[in-house]
Amino acid sequence: MTKKILIVLLLLALALSACNAATDAPVDVEAATPAPSATPPPLPQAGLATGIGQIVDVDGKPMASILVSLAEVVRGVEGRGGAFILDSLHSPHAYTDGQGYFVFSNIKAAEYVLVVGDVELTGIYEIIPQPNGKARIFNLPADVVTDLGEITTTIQPPQLMPTWTPDASGIYPPPGPQPTPYP
């Protein structure tokens, strides 16, 4: 429980330093449907929003099975300042498919920051930035499907541990490179 509170407080502190509505307007993305080769998602229920997009690595290769989360942007008085809040239980989450595509269906229409990766389990994640380094804000309006586009991430997902097999005597080799004996 303490770990979750610390993570939320860390994200809130990061958000306060990254979001500033007075100088950075939200990035409005056009409402669209996916590429013609993909099956478009249905329109959201009345008053709700749907967001779609694709996650790629720095080489432009699609990233499969990556967790994508939406952290809601909360504004201060008169829309100045703000913070984004990622609630691991209630924030919208989706995993990318084999081609890196994700869909958030029937979510609250709001402004969001996109978080790629797993904040809690692995701690390997990236808050998608604007060119100036501050958090990029996506506006998902009600009653439309919003294409968030191709999102490039710099994270490297964790790799599975290698598996070892025992030698003929049934002994497993120690992990890592083995020292070479002195001649």
# chains A, B, ... in the order shown; residues from 1 in each chain; ligands from 1
call {"tool": "closest_atom_pairs", "arguments": {"of": "stretch 117-141 of chain A", "to": "stretch 67-88 of chain A", "cutoff": "10 Å", "atoms": "only C-alpha atoms", "output": "CSV"}}
result
residue,atom,partner,partner_atom,distance
A:Gly117,CA,A:Leu67,CA,5.0
A:Asp118,CA,A:Leu67,CA,6.2
A:Val119,CA,A:Ser88,CA,8.5
A:Glu120,CA,A:Ser88,CA,8.0
A:Tyr125,CA,A:Leu67,CA,9.0
A:Glu126,CA,A:Val68,CA,9.8
A:Ile127,CA,A:Ala71,CA,9.4
A:Ala135,CA,A:Phe84,CA,9.1
A:Ile137,CA,A:Val73,CA,7.8
A:Phe138,CA,A:Val73,CA,9.2
A:Asn139,CA,A:Val73,CA,9.6
call {"tool": "atom_distance", "arguments": {"atom1": "atom CA of A:Val103", "atom2": "atom CA of A:Gly149"}}
result
11.5 Å
call {"tool": "atom_distance", "arguments": {"atom1": "atom CA of A:Asn132", "atom2": "atom CA of A:Asp57"}}
result
19.5 Å
call {"tool": "residues_around", "arguments": {"residues": "A:Gly53", "least_positions_apart": "3", "cutoff": "7 Å", "atoms": "only C-alpha atoms", "output": "PDB file with C-alpha atoms, in the first residue's frame"}}
result
ATOM      1  CA  TYR A 101      -2.036  -0.896 -32.141  1.00  0.00           C
ATOM      2  CA  PHE A 102      -4.126  -0.062 -29.075  1.00  0.00           C
ATOM      3  CA  VAL A 103      -7.754   0.943 -28.494  1.00  0.00           C
ATOM      4  CA  ASP A 147      -6.679   8.757 -33.688  1.00  0.00           C
ATOM      5  CA  LEU A 148      -3.707   9.527 -31.440  1.00  0.00           C
ATOM      6  CA  GLY A 149      -1.403   8.558 -34.289  1.00  0.00           C
ATOM      7  CA  GLU A 150       1.903   6.761 -34.278  1.00  0.00           C
TER       8      GLU A 150
END
call {"tool": "select_by_dssp", "arguments": {"residues": "stretch 94-175 of chain A", "states": "strand (DSSP E or B)", "output": "MDAnalysis selection string"}}
result
chainID A and resid 94:95 101:108 110:118 124:127 129 135 137:140 145:152
call {"tool": "write_last_selection", "arguments": {"atoms": "N, CA and C atoms", "output": "compact mmCIF listing (two decimals), in the first residue's frame"}}
result
# COMPACT_ATOMS: atom_id res chain seq x y z
N ALA A 94 -4.62 -0.39 -21.79
CA ALA A 94 -4.78 -1.31 -22.92
C ALA A 94 -3.41 -1.88 -23.24
N TYR A 95 -3.40 -3.07 -23.83
CA TYR A 95 -2.16 -3.65 -24.33
C TYR A 95 -2.16 -3.53 -25.84
N TYR A 101 -0.83 -1.71 -32.23
CA TYR A 101 -2.04 -0.90 -32.14
C TYR A 101 -2.73 -1.08 -30.79
N PHE A 102 -3.35 0.00 -30.31
CA PHE A 102 -4.13 -0.06 -29.07
C PHE A 102 -5.45 0.66 -29.27
N VAL A 103 -6.43 0.32 -28.45
CA VAL A 103 -7.75 0.94 -28.49
C VAL A 103 -8.23 1.16 -27.07
N PHE A 104 -8.69 2.38 -26.78
CA PHE A 104 -9.37 2.70 -25.54
C PHE A 104 -10.82 2.96 -25.91
N SER A 105 -11.73 2.06 -25.57
CA SER A 105 -13.13 2.20 -25.96
C SER A 105 -13.99 2.68 -24.80
N ASN A 106 -14.90 3.58 -25.11
CA ASN A 106 -15.91 4.06 -24.16
C ASN A 106 -15.30 4.54 -22.84
N ILE A 107 -14.39 5.51 -22.96
CA ILE A 107 -13.76 6.09 -21.77
C ILE A 107 -14.30 7.51 -21.57
N LYS A 108 -14.03 8.06 -20.42
CA LYS A 108 -14.46 9.42 -20.10
C LYS A 108 -13.81 10.39 -21.10
N ALA A 110 -12.00 13.46 -21.97
CA ALA A 110 -11.16 14.32 -21.13
C ALA A 110 -9.82 14.54 -21.82
N GLU A 111 -8.96 15.29 -21.15
CA GLU A 111 -7.57 15.42 -21.58
C GLU A 111 -6.76 14.35 -20.85
N TYR A 112 -5.83 13.75 -21.59
CA TYR A 112 -5.01 12.68 -21.02
C TYR A 112 -3.55 12.83 -21.41
N VAL A 113 -2.69 12.25 -20.58
CA VAL A 113 -1.28 12.07 -20.90
C VAL A 113 -1.10 10.58 -21.12
N LEU A 114 -0.34 10.22 -22.15
CA LEU A 114 -0.13 8.81 -22.51
C LEU A 114 1.11 8.28 -21.78
N VAL A 115 0.95 7.16 -21.09
CA VAL A 115 2.05 6.51 -20.38
C VAL A 115 2.25 5.13 -21.00
N VAL A 116 3.44 4.89 -21.53
CA VAL A 116 3.76 3.63 -22.18
C VAL A 116 4.67 2.83 -21.26
N GLY A 117 4.31 1.59 -20.96
CA GLY A 117 5.10 0.74 -20.08
C GLY A 117 4.38 0.50 -18.77
N ASP A 118 5.03 -0.23 -17.90
CA ASP A 118 4.42 -0.65 -16.64
C ASP A 118 5.03 0.12 -15.48
N ILE A 124 9.46 0.23 -15.76
CA ILE A 124 9.98 0.64 -17.06
C ILE A 124 8.82 1.28 -17.81
N TYR A 125 8.85 2.60 -17.90
CA TYR A 125 7.76 3.31 -18.56
C TYR A 125 8.26 4.65 -19.09
N GLU A 126 7.45 5.25 -19.95
CA GLU A 126 7.76 6.57 -20.49
C GLU A 126 6.47 7.38 -20.57
N ILE A 127 6.54 8.61 -20.11
CA ILE A 127 5.45 9.55 -20.29
C ILE A 127 5.73 10.24 -21.62
N PRO A 129 6.38 12.62 -24.35
CA PRO A 129 6.65 14.06 -24.25
C PRO A 129 6.31 14.84 -25.53
N ALA A 135 5.17 16.89 -20.73
CA ALA A 135 4.19 15.84 -21.05
C ALA A 135 3.26 16.30 -22.17
N ILE A 137 -0.17 16.37 -24.06
CA ILE A 137 -1.55 16.22 -23.64
C ILE A 137 -2.41 15.93 -24.87
N PHE A 138 -3.21 14.87 -24.76
CA PHE A 138 -4.12 14.47 -25.82
C PHE A 138 -5.54 14.78 -25.38
N ASN A 139 -6.32 15.42 -26.26
CA ASN A 139 -7.71 15.71 -25.97
C ASN A 139 -8.57 14.65 -26.64
N LEU A 140 -9.35 13.91 -25.85
CA LEU A 140 -10.26 12.90 -26.39
C LEU A 140 -11.69 13.40 -26.18
N VAL A 145 -14.27 8.86 -32.43
CA VAL A 145 -13.08 8.03 -32.33
C VAL A 145 -11.90 8.95 -32.67
N THR A 146 -10.96 9.10 -31.75
CA THR A 146 -9.82 9.99 -31.93
C THR A 146 -8.58 9.16 -32.21
N ASP A 147 -7.91 9.45 -33.33
CA ASP A 147 -6.68 8.76 -33.69
C ASP A 147 -5.51 9.51 -33.07
N LEU A 148 -4.85 8.90 -32.10
CA LEU A 148 -3.71 9.53 -31.44
C LEU A 148 -2.44 9.43 -32.28
N GLY A 149 -2.51 8.65 -33.36
CA GLY A 149 -1.40 8.56 -34.29
C GLY A 149 -0.36 7.53 -33.89
N GLU A 150 0.77 7.65 -34.55
CA GLU A 150 1.90 6.76 -34.28
C GLU A 150 2.73 7.39 -33.17
N ILE A 151 2.85 6.70 -32.07
CA ILE A 151 3.56 7.19 -30.88
C ILE A 151 4.90 6.47 -30.78
N THR A 152 5.97 7.23 -30.80
CA THR A 152 7.31 6.64 -30.69
C THR A 152 7.75 6.66 -29.24
call {"tool": "atom_distance", "arguments": {"atom1": "atom CA of A:Thr153", "atom2": "atom CA of A:Thr50"}}
result
21.4 Å
